[in-house]
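Coordinates as given in data.cif (mmCIF, C-alpha atoms and all ligand atoms):
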data_work
#
loop_
_atom_site.label_atom_id
_atom_site.label_comp_id
_atom_site.auth_asym_id
_atom_site.auth_seq_id
_atom_site.Cartn_x
_atom_site.Cartn_y
_atom_site.Cartn_z
CA MET K 1 9.87 17.12 22.36
CA VAL K 2 8.87 17.89 25.98
CA SER K 3 11.72 16.91 28.34
CA THR K 4 11.14 14.12 30.84
CA GLU K 5 11.69 16.59 33.66
CA ILE K 6 8.90 18.89 32.45
CA GLN K 7 6.64 15.93 31.68
CA ASN K 8 6.99 14.67 35.22
CA LYS K 9 5.94 18.04 36.61
CA ILE K 10 2.92 18.62 34.36
CA PRO K 11 0.17 16.06 34.78
CA GLU K 12 -0.31 14.32 31.46
CA PRO K 13 -2.94 16.24 29.38
CA ARG K 14 -5.28 13.25 29.28
CA ALA K 15 -5.57 13.18 33.06
CA ARG K 16 -5.98 16.95 33.24
CA GLU K 17 -8.61 16.92 30.51
CA ALA K 18 -10.46 14.13 32.25
CA ALA K 19 -10.51 16.18 35.44
CA ALA K 20 -11.44 19.50 33.83
CA THR K 21 -13.88 18.66 31.01
CA ILE K 22 -17.22 16.86 30.82
CA PRO K 23 -15.98 13.35 30.13
CA VAL K 24 -17.87 12.45 26.97
CA TYR K 25 -15.02 11.28 24.74
CA GLY K 26 -13.11 8.04 24.66
CA GLN K 27 -9.54 9.12 23.88
CA LEU K 28 -6.67 7.52 22.00
CA PRO K 29 -3.62 6.38 23.97
CA PHE K 30 -1.20 9.07 22.74
CA VAL K 31 -0.82 12.84 22.94
CA PRO K 32 0.11 14.67 19.71
CA GLU K 33 2.79 17.30 20.02
CA ARG K 34 2.97 18.40 16.40
CA ALA K 35 2.12 17.07 12.95
CA SER K 36 3.46 17.37 9.43
CA GLY K 37 2.11 16.00 6.15
CA CYS K 38 0.27 12.80 7.15
CA ASP K 39 2.33 12.20 10.29
CA ILE K 40 1.54 12.95 13.91
CA PHE K 41 4.51 13.24 16.28
CA THR K 42 3.60 12.35 19.86
CA THR K 43 4.93 13.56 23.19
CA ASP K 44 6.47 10.13 23.80
CA GLY K 45 8.46 10.19 20.57
CA ARG K 46 6.22 8.21 18.21
CA ARG K 47 5.59 9.11 14.56
CA ILE K 48 2.08 7.95 13.71
CA LEU K 49 0.71 7.80 10.16
CA ASP K 50 -2.68 9.47 10.36
CA LEU K 51 -5.25 7.76 8.14
CA TYR K 52 -8.13 9.21 10.17
CA GLY K 53 -7.49 12.94 9.69
CA GLY K 54 -9.16 14.14 12.89
CA HIS K 55 -12.62 12.81 11.85
CA ALA K 56 -12.00 13.68 8.15
CA VAL K 57 -11.09 17.31 8.82
CA ALA K 58 -7.39 17.40 7.84
CA ALA K 59 -7.97 17.44 4.07
CA LEU K 60 -4.52 18.85 3.34
CA GLY K 61 -2.80 16.96 6.13
CA TYR K 62 -0.73 19.02 8.56
CA GLY K 63 1.42 22.09 8.00
CA HIS K 64 0.29 22.58 4.39
CA PRO K 65 2.12 25.82 3.47
CA GLY K 66 -0.75 27.30 1.42
CA LEU K 67 -3.26 26.72 4.22
CA THR K 68 -1.13 27.80 7.15
CA ARG K 69 0.03 30.93 5.28
CA ALA K 70 -3.55 31.86 4.35
CA ILE K 71 -4.67 31.52 7.97
CA ALA K 72 -1.67 33.45 9.33
CA GLU K 73 -1.96 36.28 6.78
CA GLN K 74 -5.72 36.62 7.25
CA SER K 75 -5.35 36.65 11.06
CA GLU K 76 -2.87 39.50 10.77
CA ARG K 77 -4.91 41.47 8.23
CA LEU K 78 -8.39 41.12 9.77
CA LEU K 79 -9.08 38.46 12.38
CA PHE K 80 -12.82 38.85 12.50
CA GLN K 81 -15.80 40.74 11.23
CA SER K 82 -19.32 39.30 11.13
CA ASN K 83 -21.86 39.18 8.30
CA ALA K 84 -22.85 42.73 9.23
CA VAL K 85 -20.22 43.72 6.68
CA ALA K 86 -19.26 42.33 3.28
CA LEU K 87 -15.78 40.85 2.96
CA GLU K 88 -13.71 40.23 -0.14
CA VAL K 89 -12.49 36.90 1.26
CA ARG K 90 -16.08 35.75 2.01
CA ALA K 91 -17.24 36.64 -1.49
CA GLN K 92 -14.27 34.74 -2.91
CA ALA K 93 -14.91 31.64 -0.77
CA ALA K 94 -18.62 31.58 -1.70
CA GLU K 95 -17.88 32.01 -5.41
CA MET K 96 -15.25 29.28 -5.37
CA LEU K 97 -17.48 26.85 -3.46
CA ALA K 98 -20.41 27.42 -5.82
CA ALA K 99 -18.08 26.95 -8.79
CA VAL K 100 -17.11 23.42 -7.69
CA ALA K 101 -20.63 22.37 -6.59
CA PRO K 102 -23.27 20.72 -8.81
CA LYS K 103 -24.34 23.36 -11.30
CA ASN K 104 -27.80 24.03 -9.81
CA LEU K 105 -26.26 25.18 -6.51
CA ASP K 106 -25.18 28.81 -6.75
CA ARG K 107 -25.79 30.15 -3.25
CA VAL K 108 -23.91 29.58 -0.01
CA PHE K 109 -24.84 30.14 3.64
CA PHE K 110 -21.78 29.81 5.91
CA VAL K 111 -21.95 28.31 9.39
CA ASN K 112 -19.45 26.65 11.74
CA SER K 113 -20.07 22.91 11.81
CA GLY K 114 -21.80 20.00 10.14
CA ALA K 115 -24.68 19.88 12.60
CA GLU K 116 -25.28 23.62 12.17
CA ALA K 117 -25.30 23.20 8.39
CA ASN K 118 -27.89 20.40 8.62
CA GLU K 119 -29.94 22.30 11.19
CA ASN K 120 -30.20 25.21 8.75
CA ALA K 121 -30.87 23.05 5.70
CA LEU K 122 -33.74 21.36 7.54
CA ARG K 123 -35.06 24.73 8.71
CA ILE K 124 -34.98 26.01 5.13
CA ALA K 125 -36.91 22.90 4.01
CA CYS K 126 -39.63 23.26 6.66
CA MET K 127 -39.84 27.04 6.19
CA THR K 128 -40.07 27.03 2.41
CA THR K 129 -42.41 24.04 1.99
CA GLY K 130 -44.61 24.67 5.05
CA ARG K 131 -44.49 20.89 5.69
CA LYS K 132 -43.82 19.08 8.97
CA LYS K 133 -42.31 15.73 8.05
CA VAL K 134 -38.72 14.82 7.19
CA LEU K 135 -37.46 11.51 5.82
CA ALA K 136 -34.00 10.22 6.60
CA ILE K 137 -32.16 7.00 5.84
CA THR K 138 -31.47 4.14 8.24
CA HIS K 139 -27.88 4.11 9.57
CA GLY K 140 -27.36 7.80 8.65
CA PHE K 141 -25.62 10.30 10.94
CA HIS K 142 -26.27 14.04 10.72
CA GLY K 143 -25.06 15.60 13.97
CA ARG K 144 -26.00 16.21 17.57
CA THR K 145 -28.23 19.29 17.57
CA ALA K 146 -32.05 19.17 17.80
CA ALA K 147 -32.95 18.79 14.12
CA ALA K 148 -29.74 17.03 13.00
CA GLY K 149 -30.08 14.53 15.85
CA ALA K 150 -33.74 13.95 15.04
CA VAL K 151 -32.80 12.67 11.57
CA THR K 152 -29.89 10.58 12.84
CA TRP K 153 -30.62 6.85 12.89
CA ASN K 154 -31.17 5.49 16.43
CA ALA K 155 -30.33 8.83 18.08
CA VAL K 156 -33.72 9.30 19.75
CA GLU K 157 -33.44 5.80 21.23
CA SER K 158 -29.89 6.26 22.46
CA TRP K 159 -28.53 9.78 23.14
CA TYR K 160 -30.95 12.42 21.79
CA GLY K 161 -32.11 13.72 25.16
CA PHE K 162 -34.68 16.29 24.00
CA PRO K 163 -38.31 15.56 24.99
CA ARG K 164 -39.48 15.70 21.36
CA THR K 165 -38.15 16.19 17.84
CA PRO K 166 -38.84 19.46 15.99
CA PHE K 167 -40.71 17.65 13.17
CA ASP K 168 -42.01 14.17 12.38
CA VAL K 169 -39.29 11.84 11.15
CA GLU K 170 -39.45 8.54 9.32
CA PHE K 171 -36.50 6.43 8.22
CA ILE K 172 -36.31 4.86 4.77
CA PRO K 173 -34.44 1.52 4.88
CA ARG K 174 -31.19 2.18 3.04
CA ASN K 175 -31.04 0.99 -0.55
CA ASP K 176 -34.75 0.04 -0.50
CA VAL K 177 -36.00 1.64 -3.72
CA ALA K 178 -39.58 0.43 -3.26
CA ALA K 179 -39.73 2.01 0.21
CA VAL K 180 -38.68 5.35 -1.29
CA HIS K 181 -41.68 5.33 -3.60
CA ASP K 182 -44.00 4.18 -0.76
CA MET K 183 -42.81 6.73 1.80
CA VAL K 184 -42.26 9.97 -0.13
CA ASP K 185 -45.48 12.00 -0.40
CA THR K 186 -46.58 15.62 -0.45
CA ASP K 187 -46.36 15.86 3.37
CA VAL K 188 -42.59 15.50 3.17
CA ALA K 189 -40.59 18.72 3.53
CA ALA K 190 -37.24 17.09 2.88
CA ILE K 191 -35.29 13.90 2.50
CA ILE K 192 -31.82 14.06 4.02
CA PHE K 193 -29.20 11.48 3.08
CA GLU K 194 -25.44 10.92 3.08
CA PRO K 195 -24.41 9.66 -0.39
CA VAL K 196 -21.67 7.72 1.39
CA GLN K 197 -22.72 7.00 4.97
CA GLY K 198 -19.61 7.88 6.96
CA LEU K 199 -20.15 6.79 10.55
CA ALA K 200 -22.03 3.72 9.29
CA GLY K 201 -18.68 2.48 7.93
CA ALA K 202 -18.26 4.31 4.59
CA PHE K 203 -21.33 2.61 3.19
CA ASP K 204 -21.94 3.95 -0.33
CA LEU K 205 -25.62 4.01 -1.23
CA SER K 206 -26.60 2.32 -4.49
CA GLN K 207 -27.00 4.42 -7.64
CA GLU K 208 -30.61 3.18 -8.02
CA PHE K 209 -31.48 4.26 -4.48
CA VAL K 210 -29.98 7.75 -4.89
CA ASP K 211 -31.75 8.13 -8.26
CA ALA K 212 -35.04 7.09 -6.61
CA LEU K 213 -34.56 9.69 -3.85
CA ARG K 214 -34.07 12.40 -6.48
CA GLN K 215 -36.98 11.26 -8.59
CA ALA K 216 -39.49 10.79 -5.75
CA SER K 217 -38.61 14.02 -3.94
CA GLY K 218 -38.86 15.99 -7.19
CA ALA K 219 -42.27 14.47 -7.97
CA CYS K 220 -43.64 15.55 -4.56
CA ASP K 221 -41.87 18.95 -4.40
CA SER K 222 -39.95 17.75 -1.35
CA LEU K 223 -36.39 19.03 -1.02
CA LEU K 224 -33.49 16.63 -1.35
CA ILE K 225 -30.63 17.42 1.04
CA ALA K 226 -27.29 15.68 0.48
CA ASP K 227 -25.31 15.70 3.71
CA GLU K 228 -21.74 15.79 2.40
CA VAL K 229 -20.24 16.85 5.70
CA GLN K 230 -18.00 13.79 5.66
CA CYS K 231 -17.92 12.67 2.02
CA GLY K 232 -17.74 16.16 0.43
CA MET K 233 -14.86 18.52 -0.45
CA GLY K 234 -12.91 16.15 -2.64
CA ARG K 235 -13.00 13.05 -0.48
CA SER K 236 -15.11 11.11 -2.99
CA GLY K 237 -12.65 11.76 -5.83
CA GLN K 238 -14.88 14.59 -7.11
CA PHE K 239 -15.52 17.84 -5.23
CA PHE K 240 -18.87 16.39 -4.10
CA ALA K 241 -20.12 12.78 -4.01
CA SER K 242 -23.38 14.05 -5.57
CA LEU K 243 -21.32 14.67 -8.72
CA VAL K 244 -20.15 11.05 -8.70
CA TYR K 245 -23.80 9.91 -8.53
CA GLY K 246 -24.80 12.51 -11.11
CA VAL K 247 -27.61 13.89 -8.93
CA GLU K 248 -28.44 17.52 -8.31
CA PRO K 249 -29.73 17.79 -4.73
CA ASP K 250 -31.75 20.88 -3.73
CA MET K 251 -29.20 21.51 -0.99
CA ILE K 252 -25.79 20.17 -0.05
CA THR K 253 -24.39 20.55 3.44
CA VAL K 254 -20.64 20.53 3.94
CA ALA K 255 -18.19 21.02 6.84
CA LYS K 256 -15.20 19.03 8.19
CA SER K 257 -12.62 19.23 5.32
CA ILE K 258 -14.00 22.51 3.94
CA ALA K 259 -11.49 24.67 5.82
CA GLY K 260 -8.87 21.99 6.52
CA GLY K 261 -9.05 22.35 10.31
CA ILE K 262 -10.62 25.74 11.01
CA PRO K 263 -14.27 25.32 12.11
CA CYS K 264 -16.52 26.01 9.14
CA GLY K 265 -19.63 24.61 7.51
CA ALA K 266 -21.90 25.63 4.67
CA VAL K 267 -25.30 25.08 3.12
CA LEU K 268 -25.33 25.20 -0.68
CA ALA K 269 -28.67 25.97 -2.33
CA SER K 270 -30.11 27.06 -5.65
CA ASP K 271 -30.94 30.64 -6.61
CA GLU K 272 -34.60 29.65 -6.67
CA LEU K 273 -34.60 28.27 -3.14
CA SER K 274 -32.51 31.14 -1.87
CA ALA K 275 -35.11 33.60 -3.23
CA LYS K 276 -37.70 32.08 -0.84
CA ILE K 277 -35.62 32.89 2.25
CA LYS K 278 -36.15 36.31 3.78
CA LYS K 279 -33.62 38.54 5.52
CA GLY K 280 -33.29 37.58 9.18
CA GLN K 281 -34.61 34.04 8.80
CA LEU K 282 -31.12 32.53 9.10
CA GLY K 283 -28.04 33.78 10.90
CA SER K 284 -24.73 32.90 12.54
CA THR K 285 -22.27 35.14 14.40
CA PHE K 286 -19.11 33.27 13.47
CA GLY K 287 -20.35 31.80 10.16
CA GLY K 288 -18.39 33.28 7.26
CA GLY K 289 -15.65 34.71 9.51
CA PRO K 290 -12.59 35.87 7.54
CA VAL K 291 -10.07 33.32 8.88
CA ALA K 292 -12.39 30.41 8.04
CA MET K 293 -13.04 31.94 4.62
CA ALA K 294 -9.33 32.31 3.89
CA ALA K 295 -8.94 28.64 4.83
CA VAL K 296 -11.79 27.60 2.48
CA VAL K 297 -10.12 29.47 -0.38
CA ALA K 298 -6.75 27.83 0.40
CA VAL K 299 -8.30 24.32 0.56
CA ILE K 300 -10.09 24.70 -2.78
CA GLU K 301 -6.97 26.17 -4.40
CA ALA K 302 -4.84 23.29 -3.12
CA ILE K 303 -7.33 20.66 -4.33
CA ARG K 304 -7.25 22.26 -7.77
CA ASN K 305 -3.57 23.22 -8.07
CA GLU K 306 -2.22 19.96 -6.63
CA ASP K 307 -4.59 17.76 -8.61
CA LEU K 308 -5.84 16.21 -5.37
CA LEU K 309 -9.03 14.74 -6.88
CA GLN K 310 -6.84 12.61 -9.13
CA ASN K 311 -4.63 11.81 -6.12
CA VAL K 312 -7.70 10.62 -4.17
CA ARG K 313 -8.78 8.34 -7.03
CA GLN K 314 -5.27 6.95 -7.41
CA ARG K 315 -4.89 6.18 -3.69
CA GLU K 316 -8.36 4.60 -3.63
CA ALA K 317 -7.37 2.28 -6.48
CA GLU K 318 -4.13 1.33 -4.69
CA ILE K 319 -5.90 0.68 -1.39
CA ARG K 320 -8.49 -1.53 -3.12
CA GLU K 321 -5.68 -3.39 -4.87
CA GLN K 322 -3.22 -3.78 -1.98
CA CYS K 323 -5.21 -3.80 1.25
CA ILE K 324 -7.49 -6.81 1.01
CA ARG K 325 -5.09 -8.84 3.09
CA GLY K 326 -4.54 -9.90 6.69
CA PRO K 327 -7.80 -9.27 8.52
CA VAL K 328 -9.47 -7.35 5.64
CA ARG K 329 -12.09 -9.26 3.64
CA SER K 330 -13.54 -6.52 1.42
CA ILE K 331 -13.62 -2.75 0.93
CA GLN K 332 -16.63 -0.43 0.61
CA GLY K 333 -17.01 3.32 0.23
CA MET K 334 -15.67 5.85 -2.22
CA GLY K 335 -12.46 7.82 -2.76
CA LEU K 336 -10.69 8.31 0.54
CA LEU K 337 -13.75 7.50 2.64
CA LEU K 338 -13.30 3.74 2.76
CA GLY K 339 -14.62 0.97 5.01
CA LEU K 340 -12.41 -2.09 5.42
CA LYS K 341 -14.62 -5.07 6.29
CA CYS K 342 -12.69 -7.21 8.73
CA ASP K 343 -12.80 -10.84 9.81
CA ARG K 344 -12.92 -9.75 13.48
CA PRO K 345 -14.07 -6.70 15.46
CA ALA K 346 -12.60 -3.64 13.71
CA SER K 347 -11.55 -2.32 17.13
CA GLU K 348 -8.99 -5.16 17.31
CA VAL K 349 -7.56 -4.27 13.89
CA HIS K 350 -7.54 -0.60 14.89
CA ALA K 351 -5.48 -1.45 17.99
CA ALA K 352 -3.11 -3.72 16.05
CA LEU K 353 -2.51 -1.01 13.42
CA LEU K 354 -1.86 1.55 16.14
CA ASP K 355 0.82 -0.80 17.47
CA HIS K 356 2.32 -0.41 13.96
CA ASP K 357 2.04 3.40 14.36
CA ILE K 358 -0.90 3.72 11.95
CA LEU K 359 -4.04 5.53 13.07
CA THR K 360 -7.35 4.48 11.50
CA GLY K 361 -10.97 4.83 12.65
CA THR K 362 -13.69 2.47 13.71
CA SER K 363 -17.36 2.96 12.75
CA ALA K 364 -20.88 2.14 13.88
CA ASP K 365 -20.50 -1.20 12.09
CA PRO K 366 -18.40 -3.31 14.46
CA ALA K 367 -16.78 -5.17 11.54
CA VAL K 368 -15.79 -2.07 9.57
CA LEU K 369 -12.56 -0.14 9.99
CA ARG K 370 -12.79 3.36 8.54
CA LEU K 371 -10.13 5.24 6.57
CA LEU K 372 -10.44 9.03 6.31
CA PRO K 373 -6.89 10.03 5.42
CA PRO K 374 -5.77 13.45 4.24
CA LEU K 375 -6.40 13.92 0.51
CA VAL K 376 -2.64 14.42 0.13
CA MET K 377 -1.96 10.78 1.08
CA GLN K 378 0.91 9.26 -0.95
CA CYS K 379 1.49 5.78 -2.38
CA GLU K 380 4.14 4.98 0.26
CA HIS K 381 1.45 5.46 2.90
CA VAL K 382 -0.74 2.87 1.19
CA LYS K 383 2.22 0.50 1.15
CA ARG K 384 2.80 1.03 4.88
CA LEU K 385 -0.84 0.24 5.56
CA ALA K 386 -0.75 -2.85 3.32
CA ASP K 387 2.44 -4.11 4.99
CA ALA K 388 0.99 -3.61 8.46
CA LEU K 389 -2.23 -5.42 7.50
CA ALA K 390 -0.16 -8.30 6.11
CA ASP K 391 1.45 -8.56 9.54
CA ILE K 392 -1.92 -9.23 11.17
CA ALA K 393 -2.75 -12.89 10.63
CA PRO K 394 -6.18 -13.54 9.09
CA ILE K 395 -8.68 -15.66 10.96
CA THR K 396 -8.75 -18.93 9.06
CA ASP K 397 -12.05 -20.18 10.54
CA THR K 398 -14.47 -19.78 7.61
CA SER K 399 -17.51 -19.81 9.92
CA GLN K 400 -16.57 -16.14 10.58
CA ASP K 401 -17.75 -15.39 7.03
CA GLN K 402 -21.31 -16.11 8.07
CA LYS K 403 -21.27 -13.41 10.76
C1 LIG M 1 -22.32 13.04 7.67
C2 LIG M 1 -22.19 13.93 8.86
N1 LIG M 1 -23.08 14.91 9.04
C3 LIG M 1 -22.99 15.75 10.09
C4 LIG M 1 -21.99 15.62 11.04
C5 LIG M 1 -21.92 16.56 12.19
O1 LIG M 1 -20.83 17.42 12.02
P1 LIG M 1 -20.27 18.28 13.23
O2 LIG M 1 -19.64 17.32 14.19
O3 LIG M 1 -19.28 19.22 12.60
O4 LIG M 1 -21.42 18.99 13.84
C6 LIG M 1 -21.04 14.60 10.89
C7 LIG M 1 -19.99 14.42 11.89
O5 LIG M 1 -19.36 13.40 12.00
C8 LIG M 1 -21.14 13.73 9.78
O6 LIG M 1 -20.27 12.74 9.59
#

What would you get if you wrote out this structure as structure tokens?
Amino acid sequence: MVSTEIQNKIPEPRAREAAATIPVYGQLPFVPERASGCDIFTTDGRRILDLYGGHAVAALGYGHPGLTRAIAEQSERLLFQSNAVALEVRAQAAEMLAAVAPKNLDRVFFVNSGAEANENALRIACMTTGRKKVLAITHGFHGRTAAAGAVTWNAVESWYGFPRTPFDVEFIPRNDVAAVHDMVDTDVAAIIFEPVQGLAGAFDLSQEFVDALRQASGACDSLLIADEVQCGMGRSGQFFASLVYGVEPDMITVAKSIAGGIPCGAVLASDELSAKIKKGQLGSTFGGGPVAMAAVVAVIEAIRNEDLLQNVRQREAEIREQCIRGPVRSIQGMGLLLGLKCDRPASEVHAALLDHDILTGTSADPAVLRLLPPLVMQCEHVKRLADALADIAPITDTSQDQK
């Protein structure tokens, strides 16, 4: 821990960050010093249970020996080489990712983030179909770059900032099966959707709706893109939420948990689609870098060797069983991407849980508290959450139910 003497001399990082960076982030009221397992240790001596995982990135929690060793060893052996050369570790990461993806998806294009993955998937769709329209789903979030922002619900109205979008976009009301059949036609290059809408509050789309997206896009030769940046890589209880729904999208995008904390993203596509893309049409300097690739390999190995998919399903069942108490009225979502519907603004529950040293997330739905814990979460963590929720008195006024 930093001594009081040193702390008094160094301005607190929050103040220094606020002075030295473009101030776009609201920040939490603590400063992490180190972390281990699912716990964050702060500079002021707190031990906080992290059920938010740094926006769903910390799949293996903190200090996972397999992951940290893989990163350290790869950094020592070969810190970086671009796609100008082939790398054993890149080949291994691509093979392992394809092996756990839906069976139609055999090819991988590595990038650095979720937005970059979606940007490239949308480019592939426009390029290979020659079409100019993309459909997205209301309440979806896909990132902050030009194409990813264009397909994000409400972005153009609120923060988009570009004078125009790169293609025409229409939004299908979520779970409206009839609208899918009305809106998908042969002008549509792609439909992009999150099987479980993360920022929207872990809202899992209905099976019928996802089936309709697959059916209608197939009938019109439009490409179906599953954005699994948040719900992918084991978080759903399967490697990909598409597998839970039993759909084979034409592309899956993934990032966040994929490398457990090292920036990395990927587009997964079929052999057939990949054959339509020519050399030079896509590219990324850092995409597929060896340290990120070593981390991808370590994350997939840990999910397999430590039976983490089963762990996710077990913790989900316990949370559903034990955590509808205190301010929580119901639970939506899948695996360890869960939305706790509250009887008051979720921000109030978030603050109350933080007073109990438990970090959760809010969402775009003001009533929904979001859980995105590490996939290594244990049953004692669920109990801590349940006990803390029980400490927060429910609102007894039933008129709140109508809201
Ligand atoms: C579903 C989804 N897609 C895309 C993104 C964008 O990812 P990134 O912030 O890595 O660009 C996010 C980020 O929250 C996301 O949740």

List every residue of chain K that has an atom at most 7 Å from any atom of ligand LIG 1 (chain M), and for each one report the closest atom pair and its distance in Å to one decimal, counting only C-alpha atoms and all ligand atoms, with rows sorted by chain and then by increasing residue number, as a Markdown table.
| residue | atom | partner | partner_atom | distance |
| --- | --- | --- | --- | --- |
| K:His55 | CA | M:LIG1 | O5 | 6.8 |
| K:Ser113 | CA | M:LIG1 | O3 | 3.9 |
| K:Gly114 | CA | M:LIG1 | O1 | 3.3 |
| K:Ala115 | CA | M:LIG1 | O4 | 3.6 |
| K:Glu116 | CA | M:LIG1 | O4 | 6.3 |
| K:Asn118 | CA | M:LIG1 | C3 | 6.9 |
| K:Phe141 | CA | M:LIG1 | C1 | 5.4 |
| K:His142 | CA | M:LIG1 | N1 | 3.7 |
| K:Gly143 | CA | M:LIG1 | C5 | 3.7 |
| K:Arg144 | CA | M:LIG1 | O4 | 6.5 |
| K:Glu194 | CA | M:LIG1 | C1 | 5.9 |
| K:Gln197 | CA | M:LIG1 | C1 | 6.6 |
| K:Gly198 | CA | M:LIG1 | O6 | 5.6 |
| K:Leu199 | CA | M:LIG1 | O6 | 6.0 |
| K:Asp227 | CA | M:LIG1 | C1 | 5.6 |
| K:Glu228 | CA | M:LIG1 | C1 | 6.0 |
| K:Val229 | CA | M:LIG1 | C2 | 4.7 |
| K:Gln230 | CA | M:LIG1 | O6 | 4.7 |
| K:Ala255 | CA | M:LIG1 | O3 | 6.1 |
| K:Lys256 | CA | M:LIG1 | O3 | 6.0 |

Go through segment 222-291 of chain K residue by residue and, counting all atoms listed in the file, keep those with an atom at most 10 Å from segment 201-208 of chain K; for each kept residue give the shortest atom pair and its distance in Å to one decimal, ordered by chain and increasing number, as a Markdown table.
| residue | atom | partner | partner_atom | distance |
| --- | --- | --- | --- | --- |
| K:Gln230 | CA | K:Ala202 | CA | 9.5 |
| K:Cys231 | CA | K:Ala202 | CA | 8.8 |
| K:Ala241 | CA | K:Asp204 | CA | 9.7 |
| K:Val244 | CA | K:Gln207 | CA | 9.6 |
| K:Tyr245 | CA | K:Gln207 | CA | 6.4 |
| K:Gly246 | CA | K:Gln207 | CA | 9.1 |
| K:Val247 | CA | K:Gln207 | CA | 9.6 |

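Minimum atom-to-atom distance to Thr138 of chain K, evaluated using all atoms listed in the file, belongs to K:Phe193 out of K:Phe110, K:Ala351, K:Phe193, K:Ser158.
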
Exercise. Could you name the residues that touch Gly335 of chain K at 12 Å or less, counting only C-alpha atoms, but leaving out those on the same chain fewer than 5 positions away, as a PyMOL selection string?
Worked result: chain K and resi 196+202-204+230-241+244+308-320+371-375+377

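Residues with any atom within 12 Å of segment 392-395 of chain K, counting all atoms listed in the file and excluding same-chain neighbours fewer than 4 positions away, are K:Cys323, K:Ile324, K:Arg325, K:Gly326, K:Pro327, K:Val328, K:Arg329, K:Cys342, K:Asp343, K:Arg344, K:Pro345, K:Glu348, K:Val349, K:His350, K:Ala351, K:Ala352, K:Leu353, K:Leu354, K:Asp355, K:His356, K:Leu385, K:Ala386, K:Asp387, K:Ala388, K:Ser399, K:Gln400, K:Asp401.
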
Exercise. Pick the closest to Pro263 of chain K from K:Gln81, K:Asn112, K:Gln27, K:Gln92: which is it, counting all atoms listed in the file?
Worked result: K:Asn112

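Picture a line from atom CA of Gly288 of chain K to atom CA of Phe162 of chain K; it runs 28.9 Å.
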
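The coordinates place atom CA of Asp39 of chain K at 14.6 Å from atom CA of Ala56 of chain K.
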
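Nearest-residue note for Ala91 of chain K: choosing from K:Pro290, K:Gly26, K:Gly45, K:Pro13, the minimum distance belongs to K:Pro290, counting all atoms listed in the file.
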
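Atom CA of Glu17 of chain K is found 29.3 Å from atom CA of Glu119 of chain K.
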
Exercise. Counting all atoms listed in the file, which residues come within 9 Å of (-14.7, 31.3, 12.6), with the point read in the file's coordinates, and could you list them as a ChimeraX atom specification?
Worked result: /K:80,111-112,262-264,285-293

Problem set entry | Residue nearest Ser217 of chain K among K:Glu95, K:Leu268, K:Leu135, K:Asn83 (counting only C-alpha atoms) | K:Leu135

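With only C-alpha atoms as the atoms that count, the residue of K:Leu224, K:Ala178, K:Leu51, K:Val89 with the shortest distance to Arg370 of chain K is K:Leu51.
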
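Within the 7 Å cut-off around Asp187 of chain K, using all atoms listed in the file and omitting residues fewer than 6 positions from it on the same chain, the listed residues are Arg131, Lys132 and Lys133 of chain K.
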
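With distances restricted to all atoms listed in the file, K:Asp50 is the closest residue to Ala35 of chain K from K:Leu389, K:Asp50, K:Val368, K:Val297.
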
Please return the centre and edge lengths, in Å to one decimal, of a box with edges along x, y and z that contains all listed atoms of segment 152-168 of chain K, widened by 4 Å on every side, as lines of an AutoDock Vina configuration file.
center_x = -35.3
center_y = 12.5
center_z = 18.8
size_x = 21.5
size_y = 22.0
size_z = 20.8

Exercise. Val267 of chain K: which residues within 8 Å, counting only C-alpha atoms, same-chain residues fewer than 3 positions away excluded, as a ChimeraX atom specification?
Worked result: /K:108-111,117-118,120-121,251-254

Determine, for each residue of segment 139-188 of chain K having at least one atom at most 12 Å from an atom of segment 361-366 of chain K, the closest pair of atoms and their separation in Å to one decimal, counting all atoms listed in the file; order by chain and ascending number, as JSON lines.
{"residue": "K:His139", "atom": "CA", "partner": "K:Ala364", "partner_atom": "CA", "distance": 8.5}
{"residue": "K:Gly140", "atom": "CA", "partner": "K:Ala364", "partner_atom": "CA", "distance": 10.1}
{"residue": "K:Phe141", "atom": "CA", "partner": "K:Ala364", "partner_atom": "CA", "distance": 9.9}
{"residue": "K:Trp153", "atom": "CA", "partner": "K:Ala364", "partner_atom": "CA", "distance": 10.9}
{"residue": "K:Asn154", "atom": "CA", "partner": "K:Ala364", "partner_atom": "CA", "distance": 11.1}

For this session: Determine, counting only C-alpha atoms, which protein, DNA and RNA residues have an atom within 8 Å of an atom of Ile300 of chain K; residues of the same chain fewer than 4 positions away are not included. Present the result as a PyMOL selection string.
Result: chain K and resi 96-97+296+304

Rebuild N, CA and C atoms on segment 297-301 of chain K, as a compact mmCIF listing (two decimals), keeping the file's coordinate frame?
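Writing the result to out_36.txt gives the following:
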# COMPACT_ATOMS: atom_id res chain seq x y z
N VAL K 297 -10.76 29.11 0.90
CA VAL K 297 -10.12 29.47 -0.38
C VAL K 297 -8.83 28.65 -0.57
N ALA K 298 -8.03 28.56 0.51
CA ALA K 298 -6.75 27.83 0.40
C ALA K 298 -7.00 26.34 0.14
N VAL K 299 -8.02 25.76 0.77
CA VAL K 299 -8.30 24.32 0.56
C VAL K 299 -8.73 24.08 -0.89
N ILE K 300 -9.63 24.91 -1.39
CA ILE K 300 -10.09 24.70 -2.78
C ILE K 300 -8.93 24.91 -3.76
N GLU K 301 -8.13 25.94 -3.51
CA GLU K 301 -6.97 26.17 -4.40
C GLU K 301 -6.03 24.99 -4.40
